[in-house]
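In what follows, a structure is listed as structure tokens, so that the remarks can point back to it.
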Amino acid sequence: MSSRPNVVSAEMPAHPITLEGHSVLHQMFRFRWAEWNKLGEGERLAILKEAGQALCPMEEKGETALFSMLGHKGDLMLIHFRSSFDELNQAELAVKHLRLQGYLEQTNSYLSVIELGLYDSTVKLYKQLLEKGLQPHSAEWEKEVQETIERQKAAMAPRLFPKIPAHRYLCFYPMDRKRGEAINFYTQDIEHRQKQMEAHGMVGRRYAGKVQQIITGSIGFDDWEWGVDLFAADPLQFKKLIYEMRFDEVSAVYASFGTFFVGLRVPIDKIAELLGGTLPELVPPPPTP
Amino acid sequence: MSSRPNVVSAEMPAHPITLEGHSVLHQMFRFRWAEWNKLGEGERLAILKEAGQALCPMEEKGETALFSMLGHKGDLMLIHFRSSFDELNQAELAVKHLRLQGYLEQTNSYLSVIELGLYDSTVKLYKQLLEKGLQPHSAEWEKEVQETIERQKAAMAPRLFPKIPAHRYLCFYPMDRKRGEAINFYTQDIEHRQKQMEAHGMVGRRYAGKVQQIITGSIGFDDWEWGVDLFAADPLQFKKLIYEMRFDEVSAVYASFGTFFVGLRVPIDKIAELLGGTLPELVPPPPTP
Amino acid sequence: MSSRPNVVSAEMPAHPITLEGHSVLHQMFRFRWAEWNKLGEGERLAILKEAGQALCPMEEKGETALFSMLGHKGDLMLIHFRSSFDELNQAELAVKHLRLQGYLEQTNSYLSVIELGLYDSTVKLYKQLLEKGLQPHSAEWEKEVQETIERQKAAMAPRLFPKIPAHRYLCFYPMDRKRGEAINFYTQDIEHRQKQMEAHGMVGRRYAGKVQQIITGSIGFDDWEWGVDLFAADPLQFKKLIYEMRFDEVSAVYASFGTFFVGLRVPIDKIAELLGGTLPELVPPPPTP
Amino acid sequence: MSSRPNVVSAEMPAHPITLEGHSVLHQMFRFRWAEWNKLGEGERLAILKEAGQALCPMEEKGETALFSMLGHKGDLMLIHFRSSFDELNQAELAVKHLRLQGYLEQTNSYLSVIELGLYDSTVKLYKQLLEKGLQPHSAEWEKEVQETIERQKAAMAPRLFPKIPAHRYLCFYPMDRKRGEAINFYTQDIEHRQKQMEAHGMVGRRYAGKVQQIITGSIGFDDWEWGVDLFAADPLQFKKLIYEMRFDEVSAVYASFGTFFVGLRVPIDKIAELLGGTLPELVPPPPTP
Amino acid sequence: MSSRPNVVSAEMPAHPITLEGHSVLHQMFRFRWAEWNKLGEGERLAILKEAGQALCPMEEKGETALFSMLGHKGDLMLIHFRSSFDELNQAELAVKHLRLQGYLEQTNSYLSVIELGLYDSTVKLYKQLLEKGLQPHSAEWEKEVQETIERQKAAMAPRLFPKIPAHRYLCFYPMDRKRGEAINFYTQDIEHRQKQMEAHGMVGRRYAGKVQQIITGSIGFDDWEWGVDLFAADPLQFKKLIYEMRFDEVSAVYASFGTFFVGLRVPIDKIAELLGGTLPELVPPPPTP
């Protein structure tokens, strides 16, 4: 089942080092339009004022963003970036306690943490440690691994703890690597996986400046292994990027995809406009780089 | 897994060039008949007058169409063709803001863009560029590809930005190309895929004049890779075309199909007749070619 | 993948000729018993009088039938046989416009057309045409095929346009032929498929007089390829027939089955008895052969 | 695909003889606790008195039993054993017509008939008939088969038409035999299947006195091929029996399982106690062996 | 299909000995925030006082715990550890009878028993018994097995009948071992399975002190074979542990996973704070080790 021709890699631990950053929650809501449409102007404004007071400060810090969703999977999406699961849960509770909650039905969600998978560094490091004669998972081995993690985590902090990107369009989807009967990513040699991820990254690089990608890991947190957020100023780039990637070995052969969610960023202080039936412009952009 | 016997094609990028046109949204609704049936004549007419004022101008431009659906998957379907996702979202918001919204429950939707897959031109172009000695994805390569896209896009504009066809019957379904353990469309050589698509197109051509087909791409936008709209004056042609195609290699072996939705086109200014329990005729046809 | 050893059959088009008859809609409903049980006798009778006036004439023509369903998949089922999708949609609209609609929740449906698959005649005809030296899909070829269709359609009219059989018990289920990775009905030689269908028919013939079967095709109309209706005076015959068939090659290897729905025929003019909590007898039978 | 090395068994019909007994319906209900809890004592008692008058006589005959379900799949389960589908449907209608119906939401059901699969007798009989030189399905063959069925049916009457066992714990689940691409129970030789079923039965026999099993067949009636009811005085025996069986060839390789439902038997005249929030004891047991 | 090279292990019964402890029920609830938010302070407190009186004594005994859930799969989770299914059902009934029930919608549940799978001891014991010449399942064999079970059960009592661990974070998920066409855990030799489980346990051991794991068995009780509860002071450890394990043979090749549920432990006497929109701290911890 596995293909481990090389002696050194045969001894390598199979799992790559990962770095974790922000805790992330996606919340998708259906909005009770019929009930809302029946409310008087004054009541609507009071409800939205309360919501704005709770949510606008979160948006200003770049830790919460609002999207108008396309299609029946929901009307509104909130994304929360936080430092802990406690803070995420507190953000959820804040929404649930709003009067606006009476008009929201949560249809979906996704719980994950920002993740950088260090396939390259892992293979390099494991090779060095094996060449030094260290035993995988020995105290010395773990110490060296831990040092690498700390060093990389410091270097990568801006990518681990970002503000929510400010682009107009969002594409979010969860995904797995396959563990089938004949096709199993997890029994592949780590060096083979590293080469596949590298080729995959090459395609992504051609979309630099067009699509901003944030990968979140959700093993142990939600029903797929990863959640992917793509942000762009032109939504066609989502299609072009993902279609091109679909022919990569790691996608063509090993990826399985969940539901795709597409939304348009809406400044939270324009929510009255949106819930009044008009899609607000995204000018000025929310204060995130 | 892949079968790339030929040297030139082995060097070819794997993904075909595609052209994108209108942004497309399908919306399926269940109608709250029991609540509706209880309304007085006057209130019904007021609600439908408001809806007609919003929707009839869209229909006149050929950018929105109404269908009476068969079966429990919904009562009504709206199709929207627009220039951008913003306009699609605005069309959704316009419906959500109607009083009629109080009688609609959205059961499904599909988000996609009109797509022309240029397998033939792609293989020809890639061959020429490789024979010229160009490196895939080099600046020169991308420039030539971009020029082809622009030229084709101009030539194909009527097919990329059509009005919604005016036929009585609609069949809509989403589909994927398989990425299984032994059967994987995405690891097939591009020339093999091109030949399959060509044979597939030959069957379609025999239905010219009977079935009008619009292919939309939804990778990155919705849960299947493509959405197919068939329009016809005789719904039996849907069955005949799709059954015959099911024996093609690209369908028999590589296609997987989602839910099928069938509807009858109804002029929006006849919606009162429909919601009064009588299927309106489609005379005169809506003003689209 | 395909197995086409014989030269003649290798040249044969792969799809069998089919004949199509009535348009068919199955509608499954949950009944709001709690709300209904609260109504006064007079109101119930008024609601059912209106329903009877709409539905009894349809039943008399043999084009609509009512069933009391077993289990939670629904309480009531209506089957409609009609000449077109317009008439089916009109039948749906007639039900939706009844006051009884306030007590119905549609849980499922199935859209199809009565289909006779002519595997035997197709293989014979294709052989003759190939022996005459005709090119598949040439004008002459299509002319001969069309003539056969017309001739057979006339001969088969009673089976294509039947009234709904009058037996007490109904079993309805949708099904597909498999298109798996190693097992694919659609890549099998047409002569191999014809022989399988023939053996399958032999089993069916042993149940003549016990089970009456109507096959409907739904490619392009609904989510499975076929819908099967079995009618019998003894429901055990459903189990015996389907279990015995399950060992046939075409079922054992190539069939995949959807949900099974079982119902008891109820004369529509006895609906008050049924909705009053008592299963009506089926005496006298509705006027269909 | 099939493995039929032996000449005699190669000629044998593939399907085993089965005997059918009672018609069986499982009904799972969610109970509207919040609405119920709001009722006054008097109203509750009146509602339950009516329910008791309808259901207790059924329970006394051993043909209906009530269970308090564990988990969210339902609060209450009713099992009905009857002589016909008409009687089952009448039992359903009786429940639907109760005032208690206003507090019940049916979440699931299962329709089947008690079945004894006679693999042993079938293989023996088929061998004898083949040795006599009879042609499968000839008139003489069918006569002999029919005689065996009648003789066995008389002998097995107590197992075909039992009262509902009186044990405290119930485990119900539906199951299929696999028809996969490489693993297909239905293409196995009947003698091979018979040997597997025999080994399977050996495990069951070790649980005699601990677990009472009733197998019901549902091909043509519901969405799985069989429904299994296990009754025991100690629910751990369910786990032990099913886990041990899972290593049998016929389970390990060929079984696929649906949802598991677990309940505790409650005497129907104690339903007020149950719906008052206290699980009643099962003393004295209902009058079934 | 099976790989049983070794004579002794070929004779071994295939199933490992398991020990069973507490009966366990997980209950997931959506909370009706909108309805709750509308209640007056006094009514809320009265409802919560009643709930606290019922639930706090259970929590004090370490047999019931409350979690605030992350995401849309539910708002609240209750875990119950009890001595029997009767007690679990009584715990459910106690909740259903609360006034708080009017604000709870149960979205999911899981029924299982704490299980220790004794692969090591089983293989050792089976070898000894076979070397003694005992026949599997003979009276003597069963007596020796039973003695081992009793001895181990006494030794393992603290792990079989624990209080609910007091950590802040919970991760719960159900899982199966695969029974696919080519990959089937249940046809593997017991010694091969034992070695896989041993390697799997080695990874777990590296997380000692970081993650506390309770395995529950649910064959015959619920829809997956096992339910896994992980408790930790840092939720990232869930991801690290499960990701690392995913590369083990027994996970990479043989595991299939259900839905993941993540929650934060909340002392039940702080439920008013939680339902008032603020996540309570977990100080002081509930009285469990």
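Chain identifiers are assigned as A, B, and so on, following the order in which chains appear in the structure tokens; residues are numbered from 1 within each chain, and ligands are numbered from 1 in order of appearance.
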
| task | Report as an MDAnalysis selection string the set of chain A residues whose atoms approach chain E to within 8 Å, with distances computed over only C-alpha atoms. | result | chainID A and resid 14:15 25 27 85:86 88:90 92:94 96:97 99 101:102 106:111 179:181 184 186:187 218:223

Any chance you could export the current selection's C-alpha atoms as a CSV table (one decimal), in the first residue's frame?
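To be explicit, this is the file written out as selection25.csv:
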chain,number,residue,atom,x,y,z
A,14,ALA,CA,5.1,10.2,8.4
A,15,HIS,CA,3.4,13.3,9.6
A,25,LEU,CA,-15.2,30.1,12.9
A,27,GLN,CA,-21.1,30.9,10.5
A,85,PHE,CA,-11.8,28.6,21.1
A,86,ASP,CA,-13.1,30.4,24.2
A,88,LEU,CA,-14.8,32.1,19.3
A,89,ASN,CA,-17.5,30.7,21.6
A,90,GLN,CA,-17.9,34.1,23.2
A,92,GLU,CA,-21.0,33.1,18.9
A,93,LEU,CA,-22.8,33.8,22.2
A,94,ALA,CA,-22.6,37.6,21.5
A,96,LYS,CA,-27.0,34.6,19.8
A,97,HIS,CA,-27.8,37.2,22.4
A,99,ARG,CA,-32.3,40.8,19.0
A,101,GLN,CA,-30.8,36.5,16.4
A,102,GLY,CA,-34.6,36.3,16.1
A,106,GLN,CA,-27.8,29.0,11.4
A,107,THR,CA,-27.6,26.6,8.4
A,108,ASN,CA,-23.9,25.7,8.6
A,109,SER,CA,-20.6,26.5,10.3
A,110,TYR,CA,-16.9,25.4,10.2
A,111,LEU,CA,-14.5,25.3,13.0
A,179,ARG,CA,-7.9,7.4,2.2
A,180,GLY,CA,-9.5,5.0,-0.3
A,181,GLU,CA,-8.8,1.4,-1.0
A,184,ASN,CA,-4.4,6.7,0.0
A,186,TYR,CA,-1.7,8.9,4.2
A,187,THR,CA,0.2,5.8,3.2
A,218,SER,CA,-9.7,21.1,11.2
A,219,ILE,CA,-8.7,17.5,12.0
A,220,GLY,CA,-10.3,16.9,15.4
A,221,PHE,CA,-12.4,20.1,15.1
A,222,ASP,CA,-14.8,19.6,12.2
A,223,ASP,CA,-15.9,17.0,9.6

Sel. of strand (DSSP E) residues, range 88-198 of chain B, as an mmCIF file with N, CA, C and O atoms, in the first residue's frame:
data_model
loop_
_atom_site.group_PDB
_atom_site.id
_atom_site.type_symbol
_atom_site.label_atom_id
_atom_site.label_comp_id
_atom_site.auth_asym_id
_atom_site.auth_seq_id
_atom_site.Cartn_x
_atom_site.Cartn_y
_atom_site.Cartn_z
ATOM 1 N N LEU B 104 -42.596 32.192 -0.239
ATOM 2 C CA LEU B 104 -41.546 31.406 -0.896
ATOM 3 C C LEU B 104 -40.616 30.787 0.131
ATOM 4 O O LEU B 104 -40.220 31.453 1.085
ATOM 5 N N GLU B 105 -40.283 29.521 -0.075
ATOM 6 C CA GLU B 105 -39.221 28.868 0.706
ATOM 7 C C GLU B 105 -38.199 28.373 -0.292
ATOM 8 O O GLU B 105 -38.514 27.511 -1.106
ATOM 9 N N GLN B 106 -36.972 28.882 -0.210
ATOM 10 C CA GLN B 106 -35.986 28.452 -1.199
ATOM 11 C C GLN B 106 -35.505 27.039 -0.853
ATOM 12 O O GLN B 106 -35.044 26.781 0.252
ATOM 13 N N THR B 107 -35.629 26.118 -1.796
ATOM 14 C CA THR B 107 -35.259 24.726 -1.530
ATOM 15 C C THR B 107 -33.906 24.374 -2.119
ATOM 16 O O THR B 107 -33.279 23.423 -1.687
ATOM 17 N N ASN B 108 -33.487 25.143 -3.130
ATOM 18 C CA ASN B 108 -32.236 24.814 -3.797
ATOM 19 C C ASN B 108 -31.778 26.013 -4.609
ATOM 20 O O ASN B 108 -32.509 27.004 -4.745
ATOM 21 N N SER B 109 -30.559 25.937 -5.129
ATOM 22 C CA SER B 109 -30.026 26.995 -5.994
ATOM 23 C C SER B 109 -28.791 26.438 -6.684
ATOM 24 O O SER B 109 -28.294 25.375 -6.303
ATOM 25 N N TYR B 110 -28.330 27.152 -7.682
ATOM 26 C CA TYR B 110 -27.059 26.772 -8.318
ATOM 27 C C TYR B 110 -26.396 28.011 -8.875
ATOM 28 O O TYR B 110 -27.016 28.796 -9.589
ATOM 29 N N LEU B 111 -25.114 28.170 -8.521
ATOM 30 C CA LEU B 111 -24.336 29.339 -8.916
ATOM 31 C C LEU B 111 -23.256 28.915 -9.897
ATOM 32 O O LEU B 111 -22.458 28.024 -9.603
ATOM 33 N N SER B 112 -23.200 29.583 -11.053
ATOM 34 C CA SER B 112 -22.224 29.186 -12.069
ATOM 35 C C SER B 112 -22.016 30.322 -13.063
ATOM 36 O O SER B 112 -22.634 31.383 -12.932
ATOM 37 N N VAL B 113 -21.141 30.118 -14.008
ATOM 38 C CA VAL B 113 -20.958 31.098 -15.094
ATOM 39 C C VAL B 113 -20.989 30.351 -16.420
ATOM 40 O O VAL B 113 -20.516 29.202 -16.510
ATOM 41 N N ILE B 114 -21.543 30.984 -17.432
ATOM 42 C CA ILE B 114 -21.573 30.336 -18.750
ATOM 43 C C ILE B 114 -20.134 30.057 -19.178
ATOM 44 O O ILE B 114 -19.261 30.920 -19.042
ATOM 45 N N GLU B 115 -19.898 28.837 -19.633
ATOM 46 C CA GLU B 115 -18.523 28.423 -19.956
ATOM 47 C C GLU B 115 -18.476 27.729 -21.307
ATOM 48 O O GLU B 115 -19.294 26.867 -21.609
ATOM 49 N N LEU B 116 -17.487 28.119 -22.106
ATOM 50 C CA LEU B 116 -17.178 27.364 -23.330
ATOM 51 C C LEU B 116 -15.819 26.725 -23.118
ATOM 52 O O LEU B 116 -14.820 27.431 -22.889
ATOM 53 N N GLY B 117 -15.781 25.414 -23.136
ATOM 54 C CA GLY B 117 -14.514 24.697 -22.959
ATOM 55 C C GLY B 117 -13.892 24.474 -24.325
ATOM 56 O O GLY B 117 -14.499 23.834 -25.174
ATOM 57 N N TYR B 169 -39.868 24.113 -22.312
ATOM 58 C CA TYR B 169 -39.397 23.157 -21.300
ATOM 59 C C TYR B 169 -37.934 23.367 -20.952
ATOM 60 O O TYR B 169 -37.107 23.624 -21.832
ATOM 61 N N LEU B 170 -37.669 23.185 -19.672
ATOM 62 C CA LEU B 170 -36.308 23.316 -19.166
ATOM 63 C C LEU B 170 -35.919 22.053 -18.418
ATOM 64 O O LEU B 170 -36.709 21.505 -17.644
ATOM 65 N N CYS B 171 -34.674 21.611 -18.641
ATOM 66 C CA CYS B 171 -34.078 20.540 -17.824
ATOM 67 C C CYS B 171 -32.750 21.065 -17.318
ATOM 68 O O CYS B 171 -31.882 21.427 -18.119
ATOM 69 N N PHE B 172 -32.597 21.135 -15.987
ATOM 70 C CA PHE B 172 -31.331 21.593 -15.418
ATOM 71 C C PHE B 172 -30.760 20.509 -14.507
ATOM 72 O O PHE B 172 -31.495 19.921 -13.717
ATOM 73 N N TYR B 173 -29.461 20.263 -14.651
ATOM 74 C CA TYR B 173 -28.795 19.319 -13.741
ATOM 75 C C TYR B 173 -27.327 19.664 -13.627
ATOM 76 O O TYR B 173 -26.712 20.137 -14.566
ATOM 77 N N PRO B 174 -26.750 19.424 -12.450
ATOM 78 C CA PRO B 174 -25.312 19.603 -12.261
ATOM 79 C C PRO B 174 -24.582 18.285 -12.496
ATOM 80 O O PRO B 174 -25.207 17.209 -12.414
ATOM 81 N N MET B 175 -23.316 18.355 -12.806
ATOM 82 C CA MET B 175 -22.550 17.120 -13.044
ATOM 83 C C MET B 175 -21.061 17.301 -12.760
ATOM 84 O O MET B 175 -20.554 18.412 -12.708
ATOM 85 N N ASP B 176 -20.399 16.200 -12.576
ATOM 86 C CA ASP B 176 -18.948 16.143 -12.355
ATOM 87 C C ASP B 176 -18.304 15.213 -13.376
ATOM 88 O O ASP B 176 -18.969 14.331 -13.920
ATOM 89 N N ARG B 177 -17.028 15.366 -13.562
ATOM 90 C CA ARG B 177 -16.209 14.322 -14.176
ATOM 91 C C ARG B 177 -15.592 13.524 -13.027
ATOM 92 O O ARG B 177 -15.138 14.132 -12.038
#

Polymer residues at most 10 Å from Pro267 in chain B, only C-alpha atoms, same-chain spacing of 2 or more positions, as a PyMOL selection string
chain B and resi 56+59-60+65-67+166+264-265+269-271+274+280-286

### Task
Within 8 Å of Ile190 in chain D, counting only C-alpha atoms, which residues show up once you throw out same-chain ones fewer than 2 positions away? Write them as a count of residues only, please.
10

Problem - Nearby residues (only C-alpha atoms) at most 10 Å from Phe161 in chain D, same-chain spacing under 5 positions excluded, as a PyMOL selection string - result: chain D and resi 20-23+63+81-83+114+156

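CA of Lys153 in chain C to CA of Val24 in chain C spans 17.8 Å [interatomic distance, one decimal].
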